[in-house]
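**Q** Structure file data37.txt (compact mmCIF, C-alpha atoms and all ligand atoms) right here:
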# COMPACT_ATOMS: atom_id res chain seq x y z
CA MET A 1 77.56 45.94 69.68
CA ALA A 2 80.43 46.43 72.15
CA THR A 3 79.38 46.81 75.76
CA VAL A 4 81.27 48.45 78.59
CA ALA A 5 82.54 45.87 81.02
CA ASN A 6 83.86 48.14 83.73
CA TYR A 7 82.46 51.65 84.17
CA ALA A 8 85.19 52.49 86.69
CA ASN A 9 87.67 52.63 83.83
CA ILE A 10 85.68 55.42 82.21
CA PHE A 11 84.72 57.46 85.22
CA VAL A 12 87.89 57.07 87.23
CA ARG A 13 89.20 60.63 86.68
CA TYR A 14 86.04 62.50 87.60
CA ASP A 15 85.61 60.07 90.43
CA LEU A 16 88.91 61.01 92.09
CA ILE A 17 87.73 63.64 94.52
CA SER A 18 84.26 62.39 95.32
CA SER A 19 85.68 59.02 96.23
CA GLY A 20 87.44 60.71 99.17
CA GLU A 21 90.68 59.06 98.15
CA ALA A 22 93.53 60.75 96.34
CA LYS A 23 94.24 57.85 94.04
CA GLY A 24 97.71 57.76 92.56
CA ALA A 25 99.24 60.05 95.18
CA LYS A 26 102.76 59.07 96.13
CA VAL A 27 103.42 61.38 99.07
CA SER A 28 102.73 60.71 102.70
CA SER A 29 103.89 61.82 106.11
CA LYS A 30 104.83 59.67 109.08
CA ASP A 31 103.24 62.32 111.28
CA ALA A 32 99.50 61.65 111.61
CA ALA A 33 98.48 65.32 111.82
CA LEU A 34 100.56 66.35 108.77
CA GLN A 35 99.20 63.35 106.90
CA LYS A 36 95.67 64.73 107.43
CA VAL A 37 96.75 68.12 106.03
CA LEU A 38 98.36 66.44 103.00
CA GLN A 39 95.26 64.35 102.47
CA CYS A 40 92.96 67.40 102.62
CA VAL A 41 95.01 69.21 99.93
CA LEU A 42 95.18 66.14 97.70
CA GLU A 43 91.45 65.51 98.03
CA GLY A 44 90.54 69.19 97.81
CA ASP A 45 88.76 68.86 101.12
CA SER A 46 88.01 72.46 102.16
CA ASP A 47 85.52 71.27 104.81
CA ASN A 48 88.12 69.49 106.90
CA ILE A 49 91.33 71.41 106.20
CA GLU A 50 90.75 73.89 109.02
CA ALA A 51 90.52 71.15 111.65
CA ALA A 52 93.49 69.30 110.13
CA VAL A 53 95.71 72.41 110.06
CA ASN A 54 94.73 73.39 113.61
CA GLU A 55 95.51 69.89 114.83
CA ALA A 56 98.93 70.05 113.15
CA LEU A 57 99.59 73.54 114.56
CA ALA A 58 99.02 72.22 118.07
CA SER A 59 102.37 70.43 117.93
CA LYS A 60 104.23 72.04 115.01
CA ASP A 61 105.27 75.51 113.94
CA PRO A 62 103.39 77.12 111.03
CA MET A 63 106.39 76.86 108.68
CA THR A 64 106.49 73.08 109.12
CA VAL A 65 102.77 72.84 108.40
CA ILE A 66 103.20 75.04 105.29
CA ASN A 67 106.25 73.17 103.97
CA GLU A 68 105.50 69.59 105.00
CA GLY A 69 101.73 69.72 104.58
CA LEU A 70 100.44 72.42 102.22
CA ILE A 71 103.34 72.85 99.78
CA LYS A 72 104.18 69.14 99.76
CA GLY A 73 100.52 68.36 99.00
CA MET A 74 100.33 70.98 96.24
CA ASN A 75 103.56 69.75 94.67
CA GLU A 76 102.00 66.31 94.47
CA VAL A 77 98.89 67.84 92.87
CA SER A 78 101.24 69.39 90.27
CA ARG A 79 102.80 66.01 89.61
CA LEU A 80 99.40 64.31 89.29
CA TRP A 81 98.30 67.03 86.85
CA ASP A 82 101.46 66.59 84.81
CA GLU A 83 100.88 62.82 84.77
CA GLY A 84 97.35 63.37 83.46
CA VAL A 85 95.74 61.93 86.57
CA TYR A 86 94.31 65.20 87.90
CA TYR A 87 92.36 67.67 85.75
CA LEU A 88 91.11 71.20 86.25
CA PRO A 89 88.36 70.32 88.77
CA GLN A 90 90.79 68.51 91.05
CA ALA A 91 93.39 71.30 90.78
CA ILE A 92 90.75 73.93 91.61
CA VAL A 93 89.48 72.22 94.76
CA ALA A 94 93.03 71.37 95.87
CA SER A 95 94.09 75.03 95.46
CA ASP A 96 91.06 76.23 97.42
CA ALA A 97 91.87 73.85 100.27
CA MET A 98 95.53 74.92 100.23
CA LEU A 99 94.61 78.62 100.37
CA LYS A 100 92.26 78.02 103.29
CA GLY A 101 95.03 76.16 105.13
CA LEU A 102 97.57 78.87 104.33
CA GLU A 103 95.29 81.57 105.77
CA ILE A 104 95.18 79.77 109.11
CA CYS A 105 98.97 79.32 109.14
CA GLU A 106 99.46 82.96 108.18
CA LYS A 107 97.38 84.09 111.17
CA LYS A 108 99.49 81.91 113.43
CA LEU A 109 102.74 83.22 111.90
CA GLY A 110 101.41 86.67 112.68
CA LYS A 111 102.87 90.00 111.70
CA SER A 112 106.20 90.98 113.15
CA LEU A 113 106.03 94.26 115.06
CA GLU A 114 109.34 95.30 113.57
CA LYS A 115 108.79 97.20 110.32
CA LYS A 116 111.60 96.68 107.90
CA GLY A 117 110.37 98.06 104.58
CA THR A 118 107.75 97.73 101.87
CA VAL A 119 107.65 94.93 99.30
CA ILE A 120 105.21 94.86 96.38
CA THR A 121 104.07 91.39 95.27
CA HIS A 122 102.02 90.38 92.24
CA THR A 123 101.11 87.53 89.92
CA ALA A 124 101.79 88.24 86.24
CA GLU A 125 99.35 89.78 83.80
CA GLY A 126 97.11 87.04 82.37
CA ASP A 127 98.02 84.58 85.11
CA ILE A 128 95.74 83.44 87.92
CA HIS A 129 98.15 80.97 89.55
CA ASP A 130 98.69 82.81 92.81
CA LEU A 131 99.52 80.14 95.39
CA GLY A 132 103.27 80.87 95.25
CA GLN A 133 102.58 84.59 95.69
CA LYS A 134 100.33 83.96 98.70
CA ILE A 135 103.11 81.96 100.38
CA VAL A 136 105.58 84.77 99.66
CA ASN A 137 103.14 87.31 101.22
CA ALA A 138 102.76 85.25 104.40
CA LEU A 139 106.51 84.79 104.87
CA LEU A 140 107.33 88.45 104.20
CA ARG A 141 104.67 89.68 106.65
CA ALA A 142 105.82 87.26 109.33
CA ASN A 143 109.33 88.66 108.92
CA GLY A 144 108.34 92.29 109.42
CA PHE A 145 107.84 93.54 105.86
CA GLU A 146 104.90 95.66 104.81
CA VAL A 147 103.39 93.84 101.82
CA VAL A 148 101.47 95.65 99.11
CA ASP A 149 99.65 92.71 97.51
CA LEU A 150 98.55 93.70 94.00
CA GLY A 151 96.89 90.31 93.52
CA LYS A 152 96.78 88.14 90.41
CA ASP A 153 96.52 88.91 86.69
CA VAL A 154 97.97 92.39 87.26
CA PRO A 155 98.53 94.54 84.16
CA VAL A 156 102.11 95.70 83.56
CA ASP A 157 100.99 99.35 83.78
CA GLU A 158 99.54 98.76 87.24
CA VAL A 159 102.75 97.16 88.54
CA VAL A 160 104.88 100.03 87.20
CA ALA A 161 102.50 102.61 88.70
CA ALA A 162 102.60 100.86 92.10
CA VAL A 163 106.42 100.90 92.15
CA LYS A 164 106.35 104.63 91.44
CA LYS A 165 103.75 105.20 94.15
CA TYR A 166 105.27 103.09 96.98
CA ASN A 167 108.97 103.06 96.06
CA PRO A 168 109.39 99.57 97.62
CA VAL A 169 112.68 97.97 98.69
CA MET A 170 111.78 95.03 96.45
CA LEU A 171 109.21 93.95 93.86
CA THR A 172 108.19 90.33 93.33
CA GLY A 173 106.43 88.54 90.49
CA THR A 174 105.00 85.04 90.15
CA ALA A 175 104.26 83.36 86.79
CA LEU A 176 103.24 79.78 86.12
CA MET A 177 102.71 80.07 82.39
CA THR A 178 105.24 80.53 79.60
CA THR A 179 102.78 82.93 77.96
CA THR A 180 102.56 85.24 80.98
CA MET A 181 106.15 85.39 82.25
CA THR A 182 107.07 87.78 79.42
CA ALA A 183 105.29 90.51 81.42
CA PHE A 184 108.31 90.55 83.76
CA GLU A 185 110.68 91.67 81.05
CA ARG A 186 108.26 94.42 80.03
CA ILE A 187 108.04 95.63 83.64
CA SER A 188 111.82 95.61 83.91
CA ASN A 189 112.23 97.60 80.69
CA ARG A 190 109.69 100.21 81.77
CA LEU A 191 111.20 100.65 85.23
CA THR A 192 114.75 100.83 83.90
CA LYS A 193 113.76 103.38 81.27
CA ASP A 194 112.18 105.56 83.98
CA GLY A 195 115.30 105.40 86.16
CA TYR A 196 114.17 102.85 88.79
CA ALA A 197 116.60 100.21 90.06
CA THR A 198 114.16 98.25 92.28
CA PRO A 199 115.27 94.62 92.73
CA PHE A 200 112.63 92.49 90.98
CA VAL A 201 112.50 88.90 92.28
CA CYS A 202 110.67 86.63 89.85
CA GLY A 203 109.52 83.09 90.64
CA GLY A 204 106.92 80.48 89.75
CA GLY A 205 106.95 77.24 87.83
CA ALA A 206 107.31 78.80 84.38
CA VAL A 207 110.36 80.94 84.98
CA SER A 208 113.98 79.84 85.08
CA LEU A 209 117.27 81.30 86.21
CA GLU A 210 118.30 81.81 82.58
CA TYR A 211 115.13 83.72 81.74
CA VAL A 212 115.06 86.01 84.77
CA THR A 213 118.76 86.89 84.61
CA GLY A 214 118.30 87.86 80.97
CA TYR A 215 116.80 91.27 81.84
CA ASN A 216 117.80 94.15 84.11
CA LEU A 217 116.64 94.13 87.76
CA GLY A 218 115.69 90.43 87.57
CA ILE A 219 116.67 88.07 90.38
CA TYR A 220 115.47 84.48 90.20
CA GLY A 221 113.48 83.20 93.21
CA LYS A 222 113.36 79.42 93.31
CA ASP A 223 111.54 79.04 96.59
CA ALA A 224 109.18 81.34 98.49
CA SER A 225 111.27 80.87 101.64
CA GLN A 226 114.05 82.96 100.02
CA ALA A 227 111.88 86.09 99.85
CA PRO A 228 112.46 87.46 103.40
CA GLY A 229 116.25 87.00 103.13
CA MET A 230 116.32 88.77 99.77
CA ALA A 231 114.19 91.64 101.08
CA SER A 232 116.47 92.00 104.13
CA ASP A 233 119.48 92.23 101.83
CA ALA A 234 117.69 94.92 99.82
CA VAL A 235 116.95 96.87 103.01
CA ASN A 236 120.64 96.58 103.90
CA GLY A 237 121.49 98.35 100.67
CA LEU A 238 122.37 95.55 98.25
CA SER A 239 121.63 96.60 94.67
CA TRP A 240 119.72 94.34 92.27
CA SER A 241 122.96 93.19 90.67
CA GLN A 242 124.50 92.41 94.09
CA LEU A 243 121.36 90.47 95.02
CA ARG A 244 121.60 88.52 91.77
CA GLU A 245 125.26 87.80 92.44
CA LYS A 246 124.50 86.58 95.97
CA TRP A 247 121.34 84.53 95.33
CA ASN A 248 121.72 83.36 91.74
CA SER A 249 125.33 82.24 91.39
C1 LIG B 301 96.94 74.59 90.75
C2 LIG B 301 96.98 74.83 89.28
C3 LIG B 301 95.94 75.59 88.73
C4 LIG B 301 94.85 76.26 89.56
C5 LIG B 301 95.40 77.62 90.08
C6 LIG B 301 94.79 78.05 91.41
C7 LIG B 301 95.54 79.16 92.08
N1 LIG B 301 94.82 79.94 92.87
O1 LIG B 301 96.76 79.35 91.92
C8 LIG B 301 93.73 76.41 88.49
C9 LIG B 301 92.94 75.12 88.49
C10 LIG B 301 92.78 77.58 88.69
C11 LIG B 301 94.55 76.47 87.21
C12 LIG B 301 94.12 77.07 86.04
C13 LIG B 301 94.83 77.01 84.86
N2 LIG B 301 95.99 76.35 84.61
CO1 LIG B 301 97.06 75.56 86.01
N3 LIG B 301 98.09 74.51 87.16
C14 LIG B 301 98.03 74.29 88.45
C15 LIG B 301 99.11 73.28 88.86
C16 LIG B 301 98.47 71.92 88.98
C17 LIG B 301 99.86 73.58 90.15
C18 LIG B 301 100.48 74.99 90.26
C19 LIG B 301 100.76 75.36 91.70
O2 LIG B 301 99.96 76.02 92.34
N4 LIG B 301 101.89 74.88 92.28
C20 LIG B 301 102.21 75.09 93.69
C21 LIG B 301 102.78 76.52 93.91
C22 LIG B 301 103.07 76.74 95.39
O3 LIG B 301 104.01 76.58 93.16
P1 LIG B 301 104.62 77.94 92.55
O4 LIG B 301 103.60 78.95 92.32
O5 LIG B 301 105.53 77.56 91.44
O6 LIG B 301 105.49 78.52 93.76
C23 LIG B 301 106.67 77.90 94.23
C24 LIG B 301 107.96 78.40 93.54
O7 LIG B 301 107.82 78.57 92.16
C25 LIG B 301 108.32 79.66 94.29
N5 LIG B 301 107.80 80.98 93.92
C26 LIG B 301 106.67 81.34 93.26
N6 LIG B 301 106.57 82.66 93.20
C27 LIG B 301 107.64 83.20 93.83
C28 LIG B 301 108.02 84.52 94.06
C29 LIG B 301 109.20 84.77 94.77
C30 LIG B 301 109.56 86.17 95.10
C31 LIG B 301 110.01 83.69 95.23
C32 LIG B 301 111.26 83.97 95.99
C33 LIG B 301 109.62 82.36 94.98
C34 LIG B 301 108.45 82.13 94.30
O8 LIG B 301 107.88 79.39 95.62
C35 LIG B 301 106.86 78.38 95.67
C36 LIG B 301 107.34 77.23 96.55
O9 LIG B 301 107.72 77.68 97.80
C37 LIG B 301 100.10 73.41 87.65
C38 LIG B 301 100.89 72.12 87.32
C39 LIG B 301 102.37 72.27 87.58
N7 LIG B 301 103.13 71.28 87.22
O10 LIG B 301 102.85 73.29 88.08
C40 LIG B 301 99.17 73.80 86.50
C41 LIG B 301 99.72 74.69 85.36
C42 LIG B 301 100.56 75.82 85.94
N8 LIG B 301 98.49 75.23 84.78
C43 LIG B 301 98.52 75.34 83.50
C44 LIG B 301 97.44 75.82 82.68
C45 LIG B 301 97.65 75.74 81.19
C46 LIG B 301 96.27 76.33 83.27
C47 LIG B 301 95.04 76.89 82.54
C48 LIG B 301 95.33 77.73 81.29
C49 LIG B 301 94.14 75.68 82.23
C50 LIG B 301 92.95 75.95 81.35
N9 LIG B 301 92.95 75.23 80.26
O11 LIG B 301 92.10 76.75 81.67
C51 LIG B 301 94.39 77.75 83.64
C52 LIG B 301 95.05 79.14 83.73
C53 LIG B 301 94.22 80.29 83.59
C54 LIG B 301 95.07 81.56 83.77
N10 LIG B 301 94.80 82.53 82.95
O12 LIG B 301 95.96 81.66 84.59
C55 LIG B 301 99.86 74.88 82.92
C56 LIG B 301 100.76 76.02 82.44
C57 LIG B 301 101.54 75.61 81.20
C58 LIG B 301 102.61 76.59 80.83
N11 LIG B 301 103.85 76.28 81.18
O13 LIG B 301 102.35 77.60 80.27
C59 LIG B 301 100.43 74.01 84.11
C60 LIG B 301 101.97 73.98 84.22
C61 LIG B 301 99.89 72.58 83.90
C62 LIG B 301 100.43 71.93 82.63
N12 LIG B 301 101.51 71.17 82.71
O14 LIG B 301 99.86 72.10 81.59
N13 LIG B 301 95.75 75.85 87.39
As structure tokens, please, write out the structure in this file.

**A**
Amino acid sequence: MATVANYANIFVRYDLISSGEAKGAKVSSKDAALQKVLQCVLEGDSDNIEAAVNEALASKDPMTVINEGLIKGMNEVSRLWDEGVYYLPQAIVASDAMLKGLEICEKKLGKSLEKKGTVITHTAEGDIHDLGQKIVNALLRANGFEVVDLGKDVPVDEVVAAVKKYNPVMLTGTALMTTTMTAFERISNRLTKDGYATPFVCGGGAVSLEYVTGYNLGIYGKDASQAPGMASDAVNGLSWSQLREKWNS
């Protein structure tokens, strides 16, 4: 009967987090404080992320901590998932740690006193991947926009009703799955049919420039950091097609 020579070869994947080491990770930072933040995201260490983020914030601005620590760490989690190194448990704990870190950065970014206009944000119907949306919320608020956060897995009907209720300067959508991004086109069709021309910025791993520019109102958002600039343009009167022309060509 065959015997197992090395149990580590069997248990290595479920062992990743509890070992305290993010095995296989290829990102690092030369800055010691940012390295701790990266490490906490990669290891899904929600116990220590608060201290790590606060330490980084002592010498860096919140945007640097978000970009160079939290997003960089989460992008590496995405890569490790795609490579088959990380599985659902690792992705869940990493996301929790990232969200905890983002909350602290968001408080530090604060809310601008200037009120520029209302933006509605949501994550597509059927989709619970909301990290991109949370980053968008934080950046919009810090730049003076009132954010109506509809949350994740939001039915198309609810998004359409919210646009009619708040009449925002801009609507955003995040979708990470090819099965959920189709909700955006349905929202666009419903709004167009009812006479609304609200710019609808759609982002998230699943969507592409080609897909989003295939329906009315759609503007492709590649990176969350574009959201405040797009919303400012909308406040300044640019139509959805002018926004598309400016940001997507
Ligand atoms: C983390 C993660 C999870 C977490 C989500 C936690 C959370 N709160 O979000 C958990 C573990 C819960 C999860 C669950 C699942 N997941 Co998952 N998950 C991931 C993973 C590893 C990373 C995604 C992520 O958060 N990236 C980081 C964020 C910041 O990126 P982002 O949202 O794209 O945002 C950036 C840009 O796109 C942009 N952006 C986003 N929105 C917007 C909006 C605007 C206005 C602008 C301007 C920009 C912008 O800005 C951000 C950067 O600044 C990916 C792997 C991958 N390669 O992406 C899989 C992945 C998305 N998951 C996948 C799947 C299949 C699932 C599950 C179905 C698994 C399962 N069998 O149960 C479930 C989904 C259940 C559901 N109904 O939604 C698939 C989707 C496949 C597909 N293309 O359809 C992926 C691609 C993995 C894979 N290759 O198979 N997942």

**Q** Residues at most 8 Å from A:Ile187, counting only C-alpha atoms, excluding those fewer than 5 positions away in the same chain, as a list of chain:residue names?

**A**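 Near A:Ile187, the qualifying residues are A:Val156, A:Asp157, A:Val159, A:Val160.
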
**Q** Chain A near ligand LIG 301 (chain B) within 6 Å: what's each residue's closest atom pair and its distance in Å to one decimal, counting only C-alpha atoms and all ligand atoms, ordered by chain then ascending residue number, as a Markdown table?

**A**
| residue | atom | partner | partner_atom | distance |
| --- | --- | --- | --- | --- |
| A:Ile71 | CA | B:LIG301 | C22 | 5.9 |
| A:Met74 | CA | B:LIG301 | C20 | 5.2 |
| A:Asn75 | CA | B:LIG301 | C20 | 5.6 |
| A:Val77 | CA | B:LIG301 | C16 | 5.7 |
| A:Ser78 | CA | B:LIG301 | C16 | 4.0 |
| A:Arg79 | CA | B:LIG301 | N7 | 5.8 |
| A:Trp81 | CA | B:LIG301 | C16 | 5.3 |
| A:Asp82 | CA | B:LIG301 | N12 | 5.0 |
| A:Leu88 | CA | B:LIG301 | C9 | 4.9 |
| A:Ala91 | CA | B:LIG301 | C9 | 4.5 |
| A:Ile92 | CA | B:LIG301 | C9 | 4.0 |
| A:Ser95 | CA | B:LIG301 | C6 | 5.1 |
| A:Gly126 | CA | B:LIG301 | N10 | 5.1 |
| A:Asp127 | CA | B:LIG301 | O12 | 3.6 |
| A:Ile128 | CA | B:LIG301 | O12 | 3.8 |
| A:His129 | CA | B:LIG301 | O1 | 3.2 |
| A:Asp130 | CA | B:LIG301 | O1 | 4.1 |
| A:Leu131 | CA | B:LIG301 | O1 | 4.5 |
| A:Gly132 | CA | B:LIG301 | O4 | 3.5 |
| A:Gln133 | CA | B:LIG301 | N6 | 5.1 |
| A:Thr172 | CA | B:LIG301 | C30 | 4.7 |
| A:Gly173 | CA | B:LIG301 | C28 | 5.6 |
| A:Thr174 | CA | B:LIG301 | N6 | 4.2 |
| A:Leu176 | CA | B:LIG301 | C42 | 4.8 |
| A:Met177 | CA | B:LIG301 | O13 | 3.3 |
| A:Thr178 | CA | B:LIG301 | O13 | 4.2 |
| A:Thr179 | CA | B:LIG301 | O13 | 5.8 |
| A:Val201 | CA | B:LIG301 | C30 | 4.9 |
| A:Cys202 | CA | B:LIG301 | C30 | 5.4 |
| A:Gly203 | CA | B:LIG301 | C27 | 3.7 |
| A:Gly204 | CA | B:LIG301 | O7 | 3.2 |
| A:Gly205 | CA | B:LIG301 | O5 | 3.9 |
| A:Ala206 | CA | B:LIG301 | N11 | 5.3 |
| A:Gly221 | CA | B:LIG301 | C32 | 3.6 |
| A:Lys222 | CA | B:LIG301 | C33 | 5.0 |
| A:Asp223 | CA | B:LIG301 | O8 | 3.8 |
| A:Ala224 | CA | B:LIG301 | C33 | 3.7 |
| A:Gln226 | CA | B:LIG301 | C32 | 5.0 |
| A:Ala227 | CA | B:LIG301 | C32 | 4.4 |

**Q** One decimal, in Å: what's the spacing between atom CA of A:Gly151 and atom CA of A:Thr121?

**A**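 Result for atom CA of A:Gly151 versus atom CA of A:Thr121: 7.5 Å, one decimal.
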
**Q** Which residues are close to stretch 106-108 of chain A, i.e. within 12 Å by all atoms listed in the file, leaving aside same-chain residues fewer than 2 positions away? Reply as a ChimeraX atom specification.

**A** /A:53-54,56-58,60-63,65-66,98-104,110-112,134-143

**Q** Can you tell me how far atom CA of A:Gln35 sits from atom CA of A:Leu109, in Å to one decimal?

**A**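 That distance, rounded to one decimal, is 20.8 Å.
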
**Q** So how far away is atom CA of A:Gly144 from atom CA of A:Asp233, in Å?

**A**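 Separating atom CA of A:Asp233 from atom CA of A:Gly144 is a distance of 13.5 Å.
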
**Q** Choose the residue, out of A:Asp149, A:Glu76, A:Asp45, A:Glu210, that has the smallest atom-to-atom separation from A:Arg244; count all atoms listed in the file.

**A**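 Of A:Asp149, A:Glu76, A:Asp45, A:Glu210, the one nearest A:Arg244 is A:Glu210, counting all atoms listed in the file.
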
**Q** Of the candidates A:Asp96, A:Gly229, A:Ala161, A:Lys246, which one gets nearest to A:Asp47 if we count all atoms listed in the file?

**A**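 Among the listed residues, A:Asp96 lies closest to A:Asp47.
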
**Q** Looking at all atoms listed in the file, which of A:Met181, A:Val212, A:Met170, A:Ala162 is the one that sits closest to A:Ala197?

**A**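 Answer, going by the shortest atom-to-atom distance: A:Met170.
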
**Q** For A:Val119, work out the shell of residues within 8 Å, counting all atoms listed in the file and skipping chain neighbours fewer than 5 positions away, then give it as a list of chain:residue names.

**A**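 Counting all atoms listed in the file, the residues come to A:Phe145, A:Glu146, A:Val147, A:Val148, A:Pro168, A:Val169, A:Met170, A:Leu171, A:Thr172, A:Ala231.
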